[in-house]
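Asker: I am sharing target_37.cif, which consists of mmCIF, C-alpha atoms:
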```cif
data_my_file
#
loop_
_atom_site.label_atom_id
_atom_site.label_comp_id
_atom_site.auth_asym_id
_atom_site.auth_seq_id
_atom_site.Cartn_x
_atom_site.Cartn_y
_atom_site.Cartn_z
CA MET A 1 -19.34 45.32 20.23
CA ALA A 2 -17.50 46.91 17.36
CA ALA A 3 -15.73 50.14 18.05
CA GLY A 4 -17.72 53.07 16.77
CA GLY A 5 -15.89 55.11 14.18
CA CYS A 6 -12.92 52.74 13.92
CA ALA A 7 -11.52 50.98 10.89
CA PRO A 8 -12.97 47.53 10.07
CA SER A 9 -11.54 44.82 12.31
CA ARG A 10 -11.22 41.08 12.79
CA LEU A 11 -13.79 39.60 15.18
CA PRO A 12 -13.05 36.42 17.15
CA LEU A 13 -15.96 34.22 18.23
CA LEU A 14 -15.04 31.80 21.02
CA LEU A 15 -17.54 28.94 21.09
CA GLY A 16 -17.06 26.00 23.41
CA LEU A 17 -18.33 22.59 24.29
CA VAL A 18 -17.10 23.11 27.82
CA VAL A 19 -19.65 23.61 30.57
CA GLY A 20 -19.82 27.26 31.63
CA LEU A 21 -21.97 30.00 33.13
CA PRO A 22 -23.63 32.78 31.16
CA ALA A 23 -23.05 36.38 32.05
CA GLY A 24 -26.16 36.65 34.20
CA LEU A 25 -26.94 34.55 37.25
CA ARG A 26 -29.03 31.44 36.72
CA ALA A 27 -29.05 29.99 40.24
CA ALA A 28 -32.33 28.75 41.65
CA GLY A 29 -34.35 30.89 44.03
CA ALA A 30 -34.86 29.97 47.66
CA ALA A 31 -37.21 27.14 48.57
CA GLY A 32 -40.80 28.34 48.56
CA ALA A 33 -39.88 31.55 46.74
CA ARG A 34 -42.18 33.21 44.21
CA TRP A 35 -39.66 33.10 41.40
CA SER A 36 -37.18 30.49 40.15
CA GLY A 37 -34.13 32.77 40.00
CA GLU A 38 -31.61 34.16 42.47
CA GLY A 39 -32.85 37.06 44.59
CA SER A 40 -31.51 40.60 44.31
CA SER A 41 -27.82 40.89 45.13
CA PRO A 42 -27.20 42.53 48.54
CA HIS A 43 -25.60 45.98 48.34
CA LEU A 44 -26.47 46.19 44.65
CA GLY A 45 -25.98 49.95 44.40
CA SER A 46 -22.62 49.94 46.15
CA ILE A 47 -21.32 47.09 43.98
CA PHE A 48 -22.55 48.81 40.81
CA LEU A 49 -20.95 52.14 41.67
CA GLY A 50 -17.71 50.48 42.79
CA ARG A 51 -17.40 48.49 39.59
CA CYS A 52 -18.15 51.56 37.50
CA ALA A 53 -15.48 53.63 39.24
CA ASP A 54 -12.96 50.79 39.06
CA TYR A 55 -13.61 50.20 35.36
CA SER A 56 -13.22 53.87 34.49
CA ALA A 57 -9.50 53.53 35.22
CA LEU A 58 -9.24 51.03 32.33
CA LEU A 59 -10.62 53.49 29.80
CA SER A 60 -8.48 55.83 27.77
CA PRO A 61 -8.09 59.31 29.28
CA ALA A 62 -10.47 60.74 26.69
CA GLN A 63 -13.24 58.38 27.84
CA ARG A 64 -12.87 58.68 31.61
CA ASP A 65 -15.59 61.29 31.97
CA LYS A 66 -18.24 58.69 32.84
CA ASN A 67 -20.49 59.84 35.69
CA CYS A 68 -21.15 56.63 37.60
CA THR A 69 -23.86 58.19 39.76
CA VAL A 70 -25.82 59.32 36.71
CA ILE A 71 -25.35 55.89 35.10
CA TRP A 72 -26.67 54.21 38.27
CA GLU A 73 -29.71 56.51 38.32
CA ALA A 74 -30.49 55.52 34.73
CA PHE A 75 -30.06 51.83 35.53
CA LYS A 76 -32.16 51.74 38.70
CA VAL A 77 -35.30 52.96 36.93
CA VAL A 78 -36.10 49.28 36.35
CA LEU A 79 -36.10 48.66 40.10
CA ASP A 80 -39.40 50.52 40.31
CA LYS A 81 -41.07 48.36 37.67
CA ASP A 82 -43.06 45.15 37.96
CA PRO A 83 -40.45 42.35 37.73
CA CYS A 84 -42.23 40.80 34.74
CA SER A 85 -42.66 44.09 32.87
CA VAL A 86 -39.06 45.18 32.34
CA PHE A 87 -38.19 45.50 28.65
CA PRO A 88 -34.79 45.82 26.92
CA SER A 89 -35.72 49.37 25.93
CA ASP A 90 -35.94 50.30 29.63
CA TYR A 91 -32.13 50.17 29.66
CA ASP A 92 -31.67 52.51 26.67
CA LEU A 93 -30.56 55.55 28.69
CA PHE A 94 -28.25 53.42 30.84
CA ILE A 95 -26.59 51.98 27.71
CA ASN A 96 -26.25 55.38 26.07
CA LEU A 97 -24.58 56.85 29.16
CA SER A 98 -22.18 53.95 29.70
CA ARG A 99 -21.29 53.20 26.07
CA HIS A 100 -17.66 53.62 25.04
CA SER A 101 -15.57 52.65 22.02
CA ILE A 102 -13.86 49.25 21.79
CA PRO A 103 -10.26 49.15 20.47
CA ARG A 104 -9.83 47.67 17.01
CA ASP A 105 -9.51 43.85 16.91
CA LYS A 106 -10.46 43.58 20.61
CA SER A 107 -14.15 42.53 20.47
CA LEU A 108 -14.88 38.95 21.53
CA PHE A 109 -18.23 37.16 21.32
CA TRP A 110 -18.71 33.80 22.99
CA GLU A 111 -21.13 31.06 24.01
CA ASN A 112 -21.05 28.37 26.74
CA ASN A 113 -17.68 29.10 28.37
CA TYR A 114 -17.77 32.18 30.63
CA LEU A 115 -14.83 31.28 32.90
CA LEU A 116 -12.55 30.36 30.01
CA VAL A 117 -13.45 33.56 28.16
CA THR A 118 -12.80 35.86 31.10
CA SER A 119 -9.53 34.10 31.93
CA TYR A 120 -8.23 34.47 28.39
CA ALA A 121 -9.47 38.05 27.99
CA GLU A 122 -7.59 38.96 31.19
CA ASN A 123 -9.50 42.07 32.20
CA THR A 124 -9.42 43.67 28.72
CA ARG A 125 -5.67 43.07 28.22
CA ARG A 126 -6.10 40.58 25.36
CA LEU A 127 -9.73 40.89 24.24
CA MET A 128 -13.02 42.42 25.40
CA PRO A 129 -16.10 40.22 25.79
CA LEU A 130 -19.39 41.79 26.86
CA SER A 131 -18.57 41.41 30.55
CA ASP A 132 -15.42 43.47 29.99
CA VAL A 133 -17.10 46.61 28.69
CA LEU A 134 -18.55 49.08 31.17
CA TYR A 135 -22.23 48.34 30.64
CA GLY A 136 -21.56 44.60 30.98
CA ARG A 137 -19.11 44.83 33.88
CA VAL A 138 -21.51 46.62 36.24
CA GLY A 139 -24.15 43.88 35.93
CA ASP A 140 -21.97 40.79 35.65
CA PHE A 141 -23.00 37.97 38.03
CA LEU A 142 -25.55 40.19 39.78
CA SER A 143 -29.32 39.82 40.09
CA TRP A 144 -31.99 42.45 40.71
CA CYS A 145 -35.76 42.89 40.76
CA ARG A 146 -38.48 44.75 42.64
CA GLN A 147 -40.88 42.90 44.88
CA LYS A 148 -43.99 41.77 43.00
CA ASN A 149 -46.58 43.78 44.91
CA ALA A 150 -44.48 46.20 46.94
CA SER A 151 -41.66 48.68 46.66
CA GLY A 152 -38.08 47.68 47.45
CA LEU A 153 -35.89 44.90 46.14
CA ASP A 154 -36.84 41.25 46.38
CA TYR A 155 -33.89 39.55 48.06
CA GLN A 156 -35.51 36.11 48.12
CA SER A 157 -35.96 35.44 44.40
CA CYS A 158 -36.20 37.11 40.99
CA PRO A 159 -37.86 35.88 37.79
CA THR A 160 -35.98 34.15 34.99
CA SER A 161 -37.20 33.26 31.51
CA GLU A 162 -38.89 30.26 33.11
CA ASP A 163 -41.19 32.67 34.95
CA CYS A 164 -41.67 35.47 32.42
CA GLU A 165 -39.89 36.74 29.33
CA ASN A 166 -39.60 40.41 30.27
CA ASN A 167 -37.69 40.05 33.52
CA PRO A 168 -35.03 42.57 34.65
CA VAL A 169 -31.86 40.50 34.20
CA ASP A 170 -32.67 38.83 30.88
CA SER A 171 -33.86 42.15 29.44
CA PHE A 172 -30.61 43.74 30.60
CA TRP A 173 -28.44 41.21 28.74
CA LYS A 174 -30.67 41.32 25.68
CA ARG A 175 -30.22 45.09 25.48
CA ALA A 176 -26.49 44.92 26.16
CA SER A 177 -26.12 42.20 23.51
CA MET A 178 -27.81 44.41 20.92
CA GLN A 179 -24.79 46.67 20.96
CA PRO A 180 -22.99 46.60 17.57
CA THR A 181 -20.75 44.94 19.16
CA GLY A 182 -24.40 22.46 20.99
CA ALA A 183 -21.35 24.83 20.60
CA TYR A 184 -23.61 27.37 18.92
CA PRO A 185 -27.15 27.39 20.39
CA VAL A 186 -29.47 28.26 17.52
CA LYS A 187 -31.69 30.03 20.06
CA GLY A 188 -29.86 32.17 22.59
CA PHE A 189 -28.45 35.63 23.34
CA PHE A 190 -25.62 35.23 20.85
CA ALA A 191 -27.83 33.98 18.01
CA ASP A 192 -30.83 36.20 18.66
CA PHE A 193 -29.34 39.50 19.80
CA GLU A 194 -25.64 39.71 18.88
CA ILE A 195 -25.23 38.23 15.40
CA PRO A 196 -28.14 40.25 13.92
CA ASN A 197 -26.39 43.44 15.09
CA PHE A 198 -22.98 42.72 13.57
CA GLN A 199 -22.07 45.71 11.38
CA LYS A 200 -20.62 44.50 8.09
CA ASP A 201 -18.84 47.78 7.37
CA LYS A 202 -16.84 47.44 10.60
CA ILE A 203 -15.87 43.76 10.40
CA THR A 204 -13.37 42.44 7.86
CA HIS A 205 -13.18 38.85 9.09
CA ILE A 206 -14.79 36.61 11.72
CA GLU A 207 -12.65 33.87 13.25
CA ILE A 208 -14.49 31.10 15.12
CA TRP A 209 -12.61 29.22 17.84
CA ILE A 210 -14.19 25.90 18.86
CA MET A 211 -12.82 24.76 22.22
CA HIS A 212 -13.38 21.19 23.39
CA ASP A 213 -13.39 20.27 27.06
CA ILE A 214 -10.21 18.49 28.11
CA GLY A 215 -10.75 14.74 28.34
CA LYS A 216 -14.34 14.84 27.04
CA PRO A 217 -15.72 13.59 23.71
CA LYS A 218 -15.59 16.08 20.84
CA VAL A 219 -19.30 16.44 20.18
CA GLU A 220 -18.96 19.07 17.45
CA SER A 221 -16.11 20.65 15.54
CA CYS A 222 -15.71 23.10 12.68
CA GLY A 223 -18.07 22.27 9.81
CA GLU A 224 -20.28 20.02 11.94
CA GLY A 225 -23.73 20.29 13.53
CA SER A 226 -24.61 23.64 15.03
CA VAL A 227 -21.18 25.05 14.12
CA LYS A 228 -22.03 24.44 10.47
CA ILE A 229 -25.31 26.30 11.03
CA LEU A 230 -23.33 29.27 12.35
CA GLU A 231 -20.87 29.15 9.44
CA ASP A 232 -23.74 29.00 6.93
CA ARG A 233 -25.48 31.92 8.64
CA LEU A 234 -22.34 34.08 8.47
CA GLU A 235 -21.92 33.09 4.82
CA GLU A 236 -25.50 34.18 4.05
CA MET A 237 -24.88 37.50 5.80
CA GLY A 238 -21.83 38.10 3.60
CA PHE A 239 -19.13 37.88 6.30
CA GLN A 240 -15.70 36.44 5.56
CA HIS A 241 -14.99 33.82 8.20
CA SER A 242 -12.78 30.92 9.22
CA CYS A 243 -12.97 28.26 11.92
CA ILE A 244 -10.25 26.80 14.17
CA ASN A 245 -10.62 23.76 16.41
CA ASP A 246 -8.91 24.14 19.81
CA TYR A 247 -7.17 27.46 19.16
CA LEU A 248 -3.75 26.83 20.69
CA PRO A 249 -3.33 29.91 22.94
CA VAL A 250 -6.72 29.22 24.56
CA LYS A 251 -6.06 25.47 24.80
CA LEU A 252 -2.79 26.13 26.63
CA LEU A 253 -4.76 28.14 29.19
CA MET A 254 -7.23 25.26 29.61
CA CYS A 255 -4.33 22.84 30.08
CA VAL A 256 -3.03 24.74 33.10
CA ASP A 257 -5.59 22.75 35.14
CA HIS A 258 -4.99 19.48 33.23
CA SER A 259 -1.24 19.47 32.67
CA THR A 260 -0.84 15.66 32.86
CA HIS A 261 -3.78 14.78 30.61
CA PRO A 262 -2.91 13.26 27.20
CA ASP A 263 -4.97 15.97 25.48
CA CYS A 264 -2.42 18.45 26.78
CA SER A 265 0.69 16.69 25.54
CA ILE A 266 2.88 18.76 23.30
CA ASN A 267 1.81 16.76 20.21
CA SER A 268 -1.97 16.58 20.95
#
```
As structure tokens, please, write out the structure in this file.

Answerer:
Amino acid sequence: MAAGGCAPSRLPLLLGLVVGLPAGLRAAGAAGARWSGEGSSPHLGSIFLGRCADYSALLSPAQRDKNCTVIWEAFKVVLDKDPCSVFPSDYDLFINLSRHSIPRDKSLFWENNYLLVTSYAENTRRLMPLSDVLYGRVGDFLSWCRQKNASGLDYQSCPTSEDCENNPVDSFWKRASMQPTGAYPVKGFFADFEIPNFQKDKITHIEIWIMHDIGKPKVESCGEGSVKILEDRLEEMGFQHSCINDYLPVKLLMCVDHSTHPDCSINS
């Protein structure tokens, strides 16, 4: 999510061994449902339009010309498609209409720690993960799909990757993650759709933050296991990078809920 037309910037990657939720819903569908995923979110259109209008206030005055109704119309094209035949390219117009620049040194990519990331990013004040740009915000924690053999949304269940690859929600996040924009799953949205789209001419340095869950064993750290795979991949791609275990500002935020734990002592 590099800012188009801006000077090269530093890019933090927050990877964690804490248990978290990905940007899209992964809850199970209702008992006896056709699909394994959560059904379409009630009031989907109203939530989408409300989020779009609310987010527009966070943009700079020069970027506040987003037409949320037109963006919604571009998005909802997929609601008329078979729920197993929605491709990332079906969101192209939606992405083009909702795209906006990201301030220099504000982009944040992450894996495995949604709640920690959003808490630290603080609604774009510190950093901007995918869920804090317009095209990510409108779909965050929502689910949507058409009924299999009828028009209208399926509120009982929607397909996930367990049911079919080209489902509406996964295709949405794949397309959003294509924006040039263990701890590191070798197969996943970050590895498959974000890293390949990093633009070398817009990134001067990548800083990896490995955050360990408070009170849990440190399964991997910088230079180990899947983190080493990530570091080697960035090296092969020609990116300057560094790695920090338990980046202090983020660890202090984690310790708010574990203030008496030894891991959160001033010398830990």

Asker: Once the PyMOL selection byres ((chain A and resi 93) around 10) has been evaluated on this model, what residues remain selected, and can you format them as a PyMOL selection string?

Answerer: chain A and resi 71+73-75+77+89-92+94-99

Asker: Apply the PyMOL selection byres ((chain A and resi 246) around 7) to the file shown and report the selected residues as an mmCIF file with C-alpha atoms, in the frame of the given file.

Answerer:
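Output contents, as saved in selection.cif:
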```cif
data_model
loop_
_atom_site.group_PDB
_atom_site.id
_atom_site.type_symbol
_atom_site.label_atom_id
_atom_site.label_comp_id
_atom_site.auth_asym_id
_atom_site.auth_seq_id
_atom_site.Cartn_x
_atom_site.Cartn_y
_atom_site.Cartn_z
ATOM 1 C CA TRP A 209 -12.610 29.220 17.840
ATOM 2 C CA ILE A 210 -14.190 25.900 18.860
ATOM 3 C CA MET A 211 -12.820 24.760 22.220
ATOM 4 C CA HIS A 212 -13.380 21.190 23.390
ATOM 5 C CA ILE A 244 -10.250 26.800 14.170
ATOM 6 C CA ASN A 245 -10.620 23.760 16.410
ATOM 7 C CA TYR A 247 -7.170 27.460 19.160
ATOM 8 C CA LEU A 248 -3.750 26.830 20.690
ATOM 9 C CA LYS A 251 -6.060 25.470 24.800
#
```

Asker: Within 10 Å of Ser151 in chain A, counting all atoms listed in the file, which residues qualify if same-chain residues fewer than 5 places away don't, as a PyMOL selection string?

Answerer: chain A and resi 79-82+146

Asker: Looking at all atoms listed in the file, which of A:Ala33, A:Val256, A:Val78, A:Leu234 is the one that sits closest to Asp163 in chain A?

Answerer: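 Residue with the minimum atom-to-atom distance to Asp163 in chain A: A:Ala33.
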
Asker: To one decimal in Å, tell me the separation between CA of Asp140 in chain A and CA of Arg51 in chain A.

Answerer: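 Distance reported for this atom pair: 9.8 Å.
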
Asker: Out of A:Ile214, A:Leu134, A:Cys158, A:Cys145, which residue has the shortest atom-to-atom distance to Ala176 in chain A when counting only C-alpha atoms?

Answerer: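 Between A:Ile214, A:Leu134, A:Cys158, A:Cys145, the residue approaching Ala176 in chain A most closely is A:Leu134.
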
Asker: Just give me the gap between CA of Gln240 in chain A and CA of Ala191 in chain A in Å, one decimal is fine.

Answerer: 17.6 Å

Asker: Tell me, in Å to one decimal, how far CA of Gly50 in chain A is from CA of Gln156 in chain A.

Answerer: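 Between CA of Gly50 in chain A and CA of Gln156 in chain A the gap works out to 23.5 Å.
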
Asker: Which polymer residues have any atom within 10 Å of an atom of Phe48 in chain A, counting all atoms listed in the file, with same-chain residues fewer than 5 positions away left out, as an mmCIF file with C-alpha atoms, in the frame of the given file?

Answerer:
```cif
data_model
loop_
_atom_site.group_PDB
_atom_site.id
_atom_site.type_symbol
_atom_site.label_atom_id
_atom_site.label_comp_id
_atom_site.auth_asym_id
_atom_site.auth_seq_id
_atom_site.Cartn_x
_atom_site.Cartn_y
_atom_site.Cartn_z
ATOM 1 C CA HIS A 43 -25.600 45.980 48.340
ATOM 2 C CA ALA A 53 -15.480 53.630 39.240
ATOM 3 C CA ASP A 54 -12.960 50.790 39.060
ATOM 4 C CA CYS A 68 -21.150 56.630 37.600
ATOM 5 C CA THR A 69 -23.860 58.190 39.760
ATOM 6 C CA ILE A 71 -25.350 55.890 35.100
ATOM 7 C CA TRP A 72 -26.670 54.210 38.270
ATOM 8 C CA PHE A 75 -30.060 51.830 35.530
ATOM 9 C CA ARG A 137 -19.110 44.830 33.880
ATOM 10 C CA VAL A 138 -21.510 46.620 36.240
ATOM 11 C CA GLY A 139 -24.150 43.880 35.930
ATOM 12 C CA ASP A 140 -21.970 40.790 35.650
ATOM 13 C CA LEU A 142 -25.550 40.190 39.780
#
```

Asker: Given the file shown, determine the residues that the PyMOL selection byres ((chain A and resi 228) around 12) selects; report them as a PDB file with C-alpha atoms, in the coordinates of the input.

Answerer:
```pdb
ATOM      1  CA  GLY A 182     -24.400  22.460  20.990  1.00  0.00           C
ATOM      2  CA  ALA A 183     -21.350  24.830  20.600  1.00  0.00           C
ATOM      3  CA  TYR A 184     -23.610  27.370  18.920  1.00  0.00           C
ATOM      4  CA  PRO A 185     -27.150  27.390  20.390  1.00  0.00           C
ATOM      5  CA  VAL A 186     -29.470  28.260  17.520  1.00  0.00           C
ATOM      6  CA  ILE A 208     -14.490  31.100  15.120  1.00  0.00           C
ATOM      7  CA  ILE A 210     -14.190  25.900  18.860  1.00  0.00           C
ATOM      8  CA  GLU A 220     -18.960  19.070  17.450  1.00  0.00           C
ATOM      9  CA  SER A 221     -16.110  20.650  15.540  1.00  0.00           C
ATOM     10  CA  CYS A 222     -15.710  23.100  12.680  1.00  0.00           C
ATOM     11  CA  GLY A 223     -18.070  22.270   9.810  1.00  0.00           C
ATOM     12  CA  GLU A 224     -20.280  20.020  11.940  1.00  0.00           C
ATOM     13  CA  GLY A 225     -23.730  20.290  13.530  1.00  0.00           C
ATOM     14  CA  SER A 226     -24.610  23.640  15.030  1.00  0.00           C
ATOM     15  CA  VAL A 227     -21.180  25.050  14.120  1.00  0.00           C
ATOM     16  CA  ILE A 229     -25.310  26.300  11.030  1.00  0.00           C
ATOM     17  CA  LEU A 230     -23.330  29.270  12.350  1.00  0.00           C
ATOM     18  CA  GLU A 231     -20.870  29.150   9.440  1.00  0.00           C
ATOM     19  CA  ASP A 232     -23.740  29.000   6.930  1.00  0.00           C
ATOM     20  CA  ARG A 233     -25.480  31.920   8.640  1.00  0.00           C
ATOM     21  CA  LEU A 234     -22.340  34.080   8.470  1.00  0.00           C
ATOM     22  CA  GLU A 235     -21.920  33.090   4.820  1.00  0.00           C
ATOM     23  CA  HIS A 241     -14.990  33.820   8.200  1.00  0.00           C
ATOM     24  CA  SER A 242     -12.780  30.920   9.220  1.00  0.00           C
ATOM     25  CA  CYS A 243     -12.970  28.260  11.920  1.00  0.00           C
TER      26      CYS A 243
END
```

Asker: Using the file's own x, y and z axes, so that the box edges lie along x, y and z, what centre and edge lengths in Å (one decimal) does a box around every listed atom of range 35-41 of chain A get when 6 Å is added on each side? Give it as JSON.

Answerer:
```
{"center_x": -33.7, "center_y": 35.7, "center_z": 42.6, "size_x": 23.8, "size_y": 22.4, "size_z": 17.1}
```

Asker: Which of these, A:Leu253, A:Cys52, A:Lys218, A:Met237, has the shortest distance to Ile206 in chain A once you count only C-alpha atoms?

Answerer: A:Met237
